$ cat data_5.pdb   # PDB, C-alpha atoms, pLDDT in the B column
ATOM      1  CA  MET D  15    -165.654  89.665 -34.956  1.00 91.00           C
ATOM      2  CA  LYS D  16    -163.608  88.215 -37.810  1.00 93.00           C
ATOM      3  CA  GLU D  17    -166.313  89.222 -40.277  1.00 95.00           C
ATOM      4  CA  LEU D  18    -166.410  92.743 -38.830  1.00 94.00           C
ATOM      5  CA  ILE D  19    -162.670  93.136 -39.369  1.00 95.00           C
ATOM      6  CA  LYS D  20    -162.938  91.826 -42.946  1.00 96.00           C
ATOM      7  CA  THR D  21    -165.889  94.121 -43.654  1.00 96.00           C
ATOM      8  CA  ILE D  22    -163.880  97.146 -42.521  1.00 96.00           C
ATOM      9  CA  VAL D  23    -160.584  96.259 -44.222  1.00 96.00           C
ATOM     10  CA  GLN D  24    -161.636  94.849 -47.607  1.00 96.00           C
ATOM     11  CA  PRO D  25    -162.924  98.154 -49.070  1.00 96.00           C
ATOM     12  CA  LEU D  26    -159.627  99.834 -48.141  1.00 95.00           C
ATOM     13  CA  VAL D  27    -157.291  97.515 -50.061  1.00 96.00           C
ATOM     14  CA  ASP D  28    -156.536  96.732 -53.714  1.00 96.00           C
ATOM     15  CA  TYR D  29    -156.495  92.958 -53.110  1.00 96.00           C
ATOM     16  CA  PRO D  30    -159.566  92.235 -50.938  1.00 95.00           C
ATOM     17  CA  GLU D  31    -159.415  88.518 -51.714  1.00 96.00           C
ATOM     18  CA  GLU D  32    -156.082  88.313 -49.842  1.00 95.00           C
ATOM     19  CA  VAL D  33    -157.480  89.682 -46.570  1.00 96.00           C
ATOM     20  CA  VAL D  34    -157.278  86.916 -43.972  1.00 96.00           C
ATOM     21  CA  VAL D  35    -158.224  87.177 -40.299  1.00 97.00           C
ATOM     22  CA  SER D  36    -157.163  84.419 -37.917  1.00 96.00           C
ATOM     23  CA  GLU D  37    -158.033  84.137 -34.251  1.00 95.00           C
ATOM     24  CA  THR D  38    -156.172  82.786 -31.249  1.00 94.00           C
ATOM     25  CA  SER D  39    -157.455  82.884 -27.710  1.00 91.00           C
ATOM     26  CA  ASP D  40    -156.718  81.843 -24.178  1.00 89.00           C
ATOM     27  CA  ASP D  41    -158.695  82.266 -20.971  1.00 88.00           C
ATOM     28  CA  ARG D  42    -158.123  86.055 -20.751  1.00 90.00           C
ATOM     29  CA  ASN D  43    -157.259  87.316 -24.258  1.00 92.00           C
ATOM     30  CA  VAL D  44    -158.446  87.048 -27.840  1.00 93.00           C
ATOM     31  CA  THR D  45    -155.942  88.008 -30.538  1.00 94.00           C
ATOM     32  CA  TYR D  46    -156.969  88.618 -34.138  1.00 95.00           C
ATOM     33  CA  LEU D  47    -154.170  88.483 -36.701  1.00 97.00           C
ATOM     34  CA  LEU D  48    -154.867  90.463 -39.873  1.00 96.00           C
ATOM     35  CA  THR D  49    -152.933  89.461 -42.985  1.00 96.00           C
ATOM     36  CA  VAL D  50    -153.039  91.559 -46.162  1.00 96.00           C
ATOM     37  CA  ASN D  51    -151.007  91.837 -49.355  1.00 95.00           C
ATOM     38  CA  LYS D  52    -147.702  93.676 -48.865  1.00 95.00           C
ATOM     39  CA  GLU D  53    -148.794  96.394 -51.296  1.00 95.00           C
ATOM     40  CA  ASP D  54    -151.874  97.076 -49.144  1.00 95.00           C
ATOM     41  CA  MET D  55    -150.003  97.314 -45.849  1.00 95.00           C
ATOM     42  CA  GLY D  56    -149.664 101.102 -46.048  1.00 94.00           C
ATOM     43  CA  LYS D  57    -153.354 101.565 -46.781  1.00 95.00           C
ATOM     44  CA  VAL D  58    -154.347  99.543 -43.737  1.00 95.00           C
ATOM     45  CA  ILE D  59    -151.888 101.299 -41.427  1.00 95.00           C
ATOM     46  CA  GLY D  60    -152.479 104.804 -42.802  1.00 95.00           C
ATOM     47  CA  LYS D  61    -150.508 107.956 -42.158  1.00 95.00           C
ATOM     48  CA  GLN D  62    -149.015 107.830 -38.665  1.00 96.00           C
ATOM     49  CA  GLY D  63    -151.123 104.726 -37.977  1.00 95.00           C
ATOM     50  CA  ARG D  64    -154.434 106.569 -38.025  1.00 96.00           C
ATOM     51  CA  VAL D  65    -156.375 103.985 -40.043  1.00 96.00           C
ATOM     52  CA  ILE D  66    -155.310 100.987 -37.952  1.00 95.00           C
ATOM     53  CA  LYS D  67    -156.010 102.951 -34.765  1.00 96.00           C
ATOM     54  CA  ALA D  68    -159.540 103.646 -36.006  1.00 96.00           C
ATOM     55  CA  ILE D  69    -160.049  99.982 -36.921  1.00 95.00           C
ATOM     56  CA  ARG D  70    -158.805  98.897 -33.497  1.00 94.00           C
ATOM     57  CA  THR D  71    -161.140 101.374 -31.802  1.00 94.00           C
ATOM     58  CA  VAL D  72    -164.160  99.914 -33.615  1.00 94.00           C
ATOM     59  CA  VAL D  73    -163.111  96.321 -32.911  1.00 92.00           C
ATOM     60  CA  TYR D  74    -162.416  97.001 -29.243  1.00 91.00           C
ATOM     61  CA  ALA D  75    -165.760  98.783 -28.861  1.00 91.00           C
ATOM     62  CA  ALA D  76    -167.592  95.894 -30.494  1.00 89.00           C
ATOM     63  CA  GLY D  77    -165.899  93.462 -28.124  1.00 85.00           C
ATOM     64  CA  THR D  78    -166.709  95.221 -24.860  1.00 84.00           C
ATOM     65  CA  GLY D  79    -169.524  92.765 -24.115  1.00 82.00           C
ATOM     66  CA  HIS D  80    -167.068  89.890 -23.825  1.00 77.00           C
ATOM     67  CA  ASN D  81    -165.104  89.158 -20.675  1.00 83.00           C
ATOM     68  CA  LYS D  82    -161.822  88.938 -22.581  1.00 86.00           C
ATOM     69  CA  ARG D  83    -159.303  91.508 -23.776  1.00 91.00           C
ATOM     70  CA  ILE D  84    -159.217  91.864 -27.544  1.00 92.00           C
ATOM     71  CA  HIS D  85    -156.055  92.565 -29.526  1.00 94.00           C
ATOM     72  CA  LEU D  86    -155.708  93.252 -33.249  1.00 94.00           C
ATOM     73  CA  GLU D  87    -152.326  92.730 -34.886  1.00 95.00           C
ATOM     74  CA  ILE D  88    -151.162  93.067 -38.486  1.00 94.00           C
ATOM     75  CA  ASN D  89    -149.015  90.382 -40.068  1.00 87.00           C
ATOM     76  CA  GLU D  90    -146.771  91.089 -43.057  1.00 73.00           C
TER      77      GLU D  90
END
$ encode --input "data_5.pdb" --output "structure tokens"
Amino acid sequence: MKELIKTIVQPLVDYPEEVVVSETSDDRNVTYLLTVNKEDMGKVIGKQGRVIKAIRTVVYAAGTGHNKRIHLEINE
């Protein structure tokens, strides 16, 4: 899943080498924390959050086979 998130986000940003995805999980949830350069934050979020909503939709759909809830958060 981490590679999927990187594959989606890296073409969108000016500093793809600074894209970092970390994962934390417990028995019911998996949280992915996306960190990008501050200058790329707007590109990842998009107008009115449309880009990040689309990324979350793809990630959530890819994770439906798991028995855990998946969350994607952006870190500044």
$ closest_atom_pairs --input "data_5.pdb" --of "region 23-77 of chain D" --to "region 84-89 of chain D" --cutoff "10 Å" --atoms "only C-alpha atoms" --output "tab-separated table"
residue	atom	partner	partner_atom	distance
D:Val34	CA	D:Asn89	CA	9.8
D:Val35	CA	D:Ile88	CA	9.4
D:Glu37	CA	D:Leu86	CA	9.5
D:Thr38	CA	D:His85	CA	9.9
D:Ser39	CA	D:Ile84	CA	9.2
D:Arg42	CA	D:Ile84	CA	9.0
D:Asn43	CA	D:Ile84	CA	5.9
D:Val44	CA	D:Ile84	CA	4.9
D:Thr45	CA	D:His85	CA	4.7
D:Tyr46	CA	D:Leu86	CA	4.9
D:Leu47	CA	D:Glu87	CA	5.0
D:Leu48	CA	D:Ile88	CA	4.7
D:Thr49	CA	D:Asn89	CA	5.0
D:Val50	CA	D:Asn89	CA	7.4
D:Asn51	CA	D:Asn89	CA	9.6
D:Lys52	CA	D:Asn89	CA	9.5
D:Met55	CA	D:Ile88	CA	8.6
D:Val58	CA	D:Ile88	CA	8.9
D:Ile59	CA	D:Ile88	CA	8.8
D:Ile66	CA	D:Ile88	CA	9.0
D:Lys67	CA	D:Leu86	CA	9.8
D:Ile69	CA	D:Leu86	CA	8.8
D:Arg70	CA	D:Leu86	CA	6.4
D:Thr71	CA	D:Leu86	CA	9.9
D:Val73	CA	D:Ile84	CA	8.0
D:Tyr74	CA	D:Ile84	CA	6.3
D:Ala75	CA	D:Ile84	CA	9.6
D:Ala76	CA	D:Ile84	CA	9.8
D:Gly77	CA	D:Ile84	CA	6.9
$ atom_distance --input "data_5.pdb" --atom1 "CA of Lys61 (chain D)" --atom2 "CA of Glu31 (chain D)"
23.4 Å
$ atom_distance --input "data_5.pdb" --atom1 "CA of Arg83 (chain D)" --atom2 "CA of Asp40 (chain D)"
10.0 Å
$ atom_distance --input "data_5.pdb" --atom1 "CA of Lys57 (chain D)" --atom2 "CA of Glu90 (chain D)"
12.9 Å
$ resolve_selection --input "data_5.pdb" --expression "the PyMOL selection byres ((chain D and resi 20) around 9)" --output "list in words"
Met15, Lys16, Glu17, Leu18, Ile19, Thr21, Ile22, Val23, Gln24, Pro25, Pro30, Val33, Val34, Val35 and Leu48 of chain D
$ axis_aligned_box --input "data_5.pdb" --around "region 40-59 of chain D" --padding-each-side "5 Å" --output "AutoDock Vina command-line options"
--center_x -153.2 --center_y 91.7 --center_z -36.0 --size_x 21.0 --size_y 29.7 --size_z 40.5
$ closest_residue --input "data_5.pdb" --among "D:Glu53, D:Thr78, D:Glu32, D:Val27" --to "Val65 (chain D)" --atoms "all atoms listed in the file"
D:Val27
$ decode --input "data_5.pdb" --residues "region 31-77 of chain D" --atoms "C-alpha atoms" --output "PDB file, in the first residue's frame"
ATOM      1  CA  GLU D  31      12.447  12.367  -3.635  1.00  0.00           C
ATOM      2  CA  GLU D  32      10.940  13.969  -0.502  1.00  0.00           C
ATOM      3  CA  VAL D  33       7.745  11.889  -0.597  1.00  0.00           C
ATOM      4  CA  VAL D  34       7.719   9.658   2.479  1.00  0.00           C
ATOM      5  CA  VAL D  35       4.949   7.278   3.534  1.00  0.00           C
ATOM      6  CA  SER D  36       5.000   5.819   7.037  1.00  0.00           C
ATOM      7  CA  GLU D  37       2.598   3.276   8.465  1.00  0.00           C
ATOM      8  CA  THR D  38       1.174   2.723  11.924  1.00  0.00           C
ATOM      9  CA  SER D  39      -1.360   0.079  12.800  1.00  0.00           C
ATOM     10  CA  ASP D  40      -3.285  -1.470  15.629  1.00  0.00           C
ATOM     11  CA  ASP D  41      -5.739  -4.359  15.711  1.00  0.00           C
ATOM     12  CA  ARG D  42      -8.526  -2.451  13.886  1.00  0.00           C
ATOM     13  CA  ASN D  43      -6.904   0.417  11.942  1.00  0.00           C
ATOM     14  CA  VAL D  44      -4.014   1.098   9.598  1.00  0.00           C
ATOM     15  CA  THR D  45      -2.916   4.725   9.260  1.00  0.00           C
ATOM     16  CA  TYR D  46      -0.623   5.903   6.479  1.00  0.00           C
ATOM     17  CA  LEU D  47       1.096   9.240   7.055  1.00  0.00           C
ATOM     18  CA  LEU D  48       2.117  11.036   3.861  1.00  0.00           C
ATOM     19  CA  THR D  49       4.899  13.606   4.148  1.00  0.00           C
ATOM     20  CA  VAL D  50       5.793  15.911   1.252  1.00  0.00           C
ATOM     21  CA  ASN D  51       7.755  19.126   0.788  1.00  0.00           C
ATOM     22  CA  LYS D  52       5.866  22.214   1.988  1.00  0.00           C
ATOM     23  CA  GLU D  53       5.880  23.656  -1.535  1.00  0.00           C
ATOM     24  CA  ASP D  54       4.111  20.524  -2.819  1.00  0.00           C
ATOM     25  CA  MET D  55       1.391  20.498  -0.171  1.00  0.00           C
ATOM     26  CA  GLY D  56      -1.070  22.425  -2.346  1.00  0.00           C
ATOM     27  CA  LYS D  57      -0.536  20.109  -5.299  1.00  0.00           C
ATOM     28  CA  VAL D  58      -1.292  17.048  -3.202  1.00  0.00           C
ATOM     29  CA  ILE D  59      -4.378  18.575  -1.587  1.00  0.00           C
ATOM     30  CA  GLY D  60      -5.711  20.227  -4.753  1.00  0.00           C
ATOM     31  CA  LYS D  61      -8.493  22.752  -5.106  1.00  0.00           C
ATOM     32  CA  GLN D  62     -11.076  22.186  -2.377  1.00  0.00           C
ATOM     33  CA  GLY D  63      -9.286  18.939  -1.483  1.00  0.00           C
ATOM     34  CA  ARG D  64     -10.223  17.161  -4.696  1.00  0.00           C
ATOM     35  CA  VAL D  65      -6.830  15.551  -5.343  1.00  0.00           C
ATOM     36  CA  ILE D  66      -6.404  14.135  -1.835  1.00  0.00           C
ATOM     37  CA  LYS D  67     -10.000  12.883  -1.894  1.00  0.00           C
ATOM     38  CA  ALA D  68      -9.268  11.030  -5.137  1.00  0.00           C
ATOM     39  CA  ILE D  69      -6.066   9.555  -3.690  1.00  0.00           C
ATOM     40  CA  ARG D  70      -7.927   8.433  -0.572  1.00  0.00           C
ATOM     41  CA  THR D  71     -10.646   6.840  -2.698  1.00  0.00           C
ATOM     42  CA  VAL D  72      -8.076   4.762  -4.601  1.00  0.00           C
ATOM     43  CA  VAL D  73      -6.234   3.750  -1.424  1.00  0.00           C
ATOM     44  CA  TYR D  74      -9.426   2.817   0.404  1.00  0.00           C
ATOM     45  CA  ALA D  75     -10.631   0.783  -2.582  1.00  0.00           C
ATOM     46  CA  ALA D  76      -7.321  -1.053  -2.786  1.00  0.00           C
ATOM     47  CA  GLY D  77      -7.535  -1.882   0.910  1.00  0.00           C
TER      48      GLY D  77
END
